[in-house]
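Participant: What follows is a structure written as structure tokens; I'll ask about it next.
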Amino acid sequence: MIPHDLLFSRIAGHFLGTGLLVISFPTRMYWFPKVFFFFLFWILVVVIKHFFQKNKQLCCVATRVSVNGSPLEIVPHWLVCFIGRCAEDPVGCINADHMNPAAAQRDSALRLCCMCCPCLSVTLSPLCAGTSRGPSPVSLGSQDSLPIAVAFTESVNAYFKGADPSKCIVKITGDMTVSFPSGIIKIFTNNPSPAVLSFRLKNTSKLEQVLPNQQLLFSDPSQSDSNSKDFWLNMQALTAYLRKMSEQNPAVSYYNVDILKYQVSSSGIQSTPLNLAVYWKCSPSTTDVRVDYRYNPEALPSRASLSSIQVLVPVDGGVTSMQSLPAALWNAEQNKALWKMSDVSEKSENEGSGSLRAKFELSEGPSNPATLAVQFFSEGHTLSGVEMELVGTGYRLSLTKKRFT
């Protein structure tokens, strides 16, 4: 006959998850308190489980638990795992001296259970000891397609002379960078004839000039399609180049390789994402400056917004005070006024149009009208609209980044 204490322990283990916990009840306890305690504990566990499943903050870390000195058992993930961002917050072992926030949350979950059930004695010890620093290493198999990433970065250089749009000079350039995981070097080295990495640039009709990296990249100059261009890499040169980068920086996870540069055709002020007009009024004692800006949707892809806009205006003549609208920052060492603006798009006030005004008091006037500088960036878009697609097998495009500044 099974003793009633062991019987209750097995029943509790069955309801709590196929032998989840081994519960040792005090010997001198009557049947009714035991039944009441069992259902109370079962409800508490269900509530905790529902809370963690509702928040969907799980991770694949298990923890061993010793209950009242019984053999260590495995607690399920939903009870002990609580992490906010699995990709960013390292998950380490539970340690009293070096406990990270994720481990502290797991510890708190079990200690809450102990506080509500004082008859349980819980001891924690780690089942695994993995720490992630930065992006997770890529598992590369000899038969798998190898992951690469590509980034397009374009820069707009525009010169505005006063308020005359016909005198605006614009130059738009771009860079294409391919990122290789560090593990790919070993595969290239061990394989005397790795698969050739070939790709096609699409939407190239706006590109005036394409300058490939002649040490690494080949192309067919006889291609007739003006809206696409095919390229393939010199795999031996690429392997040697990546090996050299690995020797210089062995600890990094990815290596970025500049593949090609290009220039985008432009048509004056119509090609600038942010149109500007500057007005100066200079006198011996004061200088008034007004900068009108306008978001230009014709030069931008749909729904693209300009972020972190900064307008820097140098003013000489011994500035003693400044009044500005909206408020600007004055740097007395550099003699420059700085406006910082939030995102600008078609959805902004006045469809992205506005003015920056400032009045400067001078001690050594008059000022000389100077060239102002404007900075901004936009993520997820390019001005050229160029795209890249892989040709052939052996590789896969894991990530594409686009940005212009």
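FYI, nothing fancy with the structure tokens labels: chains A, B, ... in order, residues from 1 per chain, ligands from 1 as they appear.
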Please, which residues in range 139-174 of chain A fall within 10 Å of range 241-258 of chain A when counting only C-alpha atoms, and what is the closest atom pair and distance in Å to one decimal for each, ordered by chain then residue number, as CSV?
Facilitator:
residue,atom,partner,partner_atom,distance
A:Ile148,CA,A:Tyr254,CA,9.5
A:Ala149,CA,A:Asn256,CA,9.1
A:Val150,CA,A:Asn256,CA,9.0
A:Ala151,CA,A:Asn256,CA,9.4
Participant: For the alpha helix (DSSP H) assignment from backbone DSSP, which residues of range 121-278 of chain A qualify? Please present them as a VMD selection string.
Facilitator: chain A and resid 184 to 190 235 to 248
Participant: Rank A:Leu216, A:Ala163, A:Ser384, A:Ser228 by their smallest atom-to-atom distance to Lys202 in chain A, using only C-alpha atoms, and report the top residue only.
Facilitator: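 The answer is A:Ser228, which sits nearest to Lys202 in chain A.
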Participant: Which of these, A:Ala327, A:Leu372, A:Leu274, A:Leu201, has the shortest distance to Ser307 in chain A once you count only C-alpha atoms?
Facilitator: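 Of A:Ala327, A:Leu372, A:Leu274, A:Leu201, the one nearest Ser307 in chain A, counting only C-alpha atoms, is A:Leu274.
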Participant: Can you list, as a PyMOL selection string, every protein, DNA or RNA residue that comes within 6 Å of Thr153 in chain A when you count only C-alpha atoms, leaving out same-chain residues fewer than 4 positions away?
Facilitator: chain A and resi 174-175+403-404
Participant: Keeping C-alpha atoms for every residue in the selection just given, could you write it to a file as a compact mmCIF listing (two decimals), in the first residue's frame?
Facilitator:
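Listing of out_10.txt after writing:
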# COMPACT_ATOMS: atom_id res chain seq x y z
CA GLY A 174 26.03 55.93 -53.21
CA ASP A 175 27.96 53.00 -51.77
CA ARG A 403 19.78 54.77 -45.91
CA PHE A 404 20.44 58.21 -47.29
Participant: Looking at only C-alpha atoms, which of A:Glu346, A:Glu298, A:Asp288, A:Glu379 is the one that sits closest to Phe360 in chain A?
Facilitator: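 Going through A:Glu346, A:Glu298, A:Asp288, A:Glu379 one by one, the smallest distance to Phe360 in chain A is for A:Asp288.
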Participant: I want to know what sits within 9 Å of Lys359 in chain A, based on only C-alpha atoms, with residues of the same chain fewer than 3 positions away left out; could you give that as a PyMOL selection string?
Facilitator: chain A and resi 286-290+321-324
Participant: Quick one: write out the picked residues with C-alpha atoms as a PDB file, in the first residue's frame?
Facilitator:
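The resulting file, selection-v8.pdb, is reproduced below:
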ATOM      1  CA  THR A 286      22.627  93.457 -35.988  1.00  0.00           C
ATOM      2  CA  THR A 287      22.260  90.529 -38.372  1.00  0.00           C
ATOM      3  CA  ASP A 288      18.946  88.919 -39.276  1.00  0.00           C
ATOM      4  CA  VAL A 289      18.898  85.420 -40.759  1.00  0.00           C
ATOM      5  CA  ARG A 290      15.927  83.471 -42.084  1.00  0.00           C
ATOM      6  CA  SER A 321      23.305  87.923 -28.007  1.00  0.00           C
ATOM      7  CA  MET A 322      20.863  85.896 -30.089  1.00  0.00           C
ATOM      8  CA  GLN A 323      17.078  85.728 -30.326  1.00  0.00           C
ATOM      9  CA  SER A 324      15.704  82.821 -32.364  1.00  0.00           C
TER      10      SER A 324
END
Participant: What residues in range 216-375 of chain A get the DSSP label strand (DSSP E)? Please answer as a VMD selection string.
Facilitator: chain A and resid 217 to 219 228 to 233 254 to 264 274 to 282 286 to 295 307 to 314 319 to 325 329 to 331 336 to 341 353 to 362 373 to 375
Participant: Env of Asn203 in chain A: 10 Å cut, atoms = only C-alpha atoms, seq-sep filter 2 positions within chain, self excluded. Answer as a count of residues only.
Facilitator: 14
Participant: By how many Å are CA of Asp164 in chain A and CA of Gly268 in chain A apart?
Facilitator: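 A separation of 11.3 Å between them.
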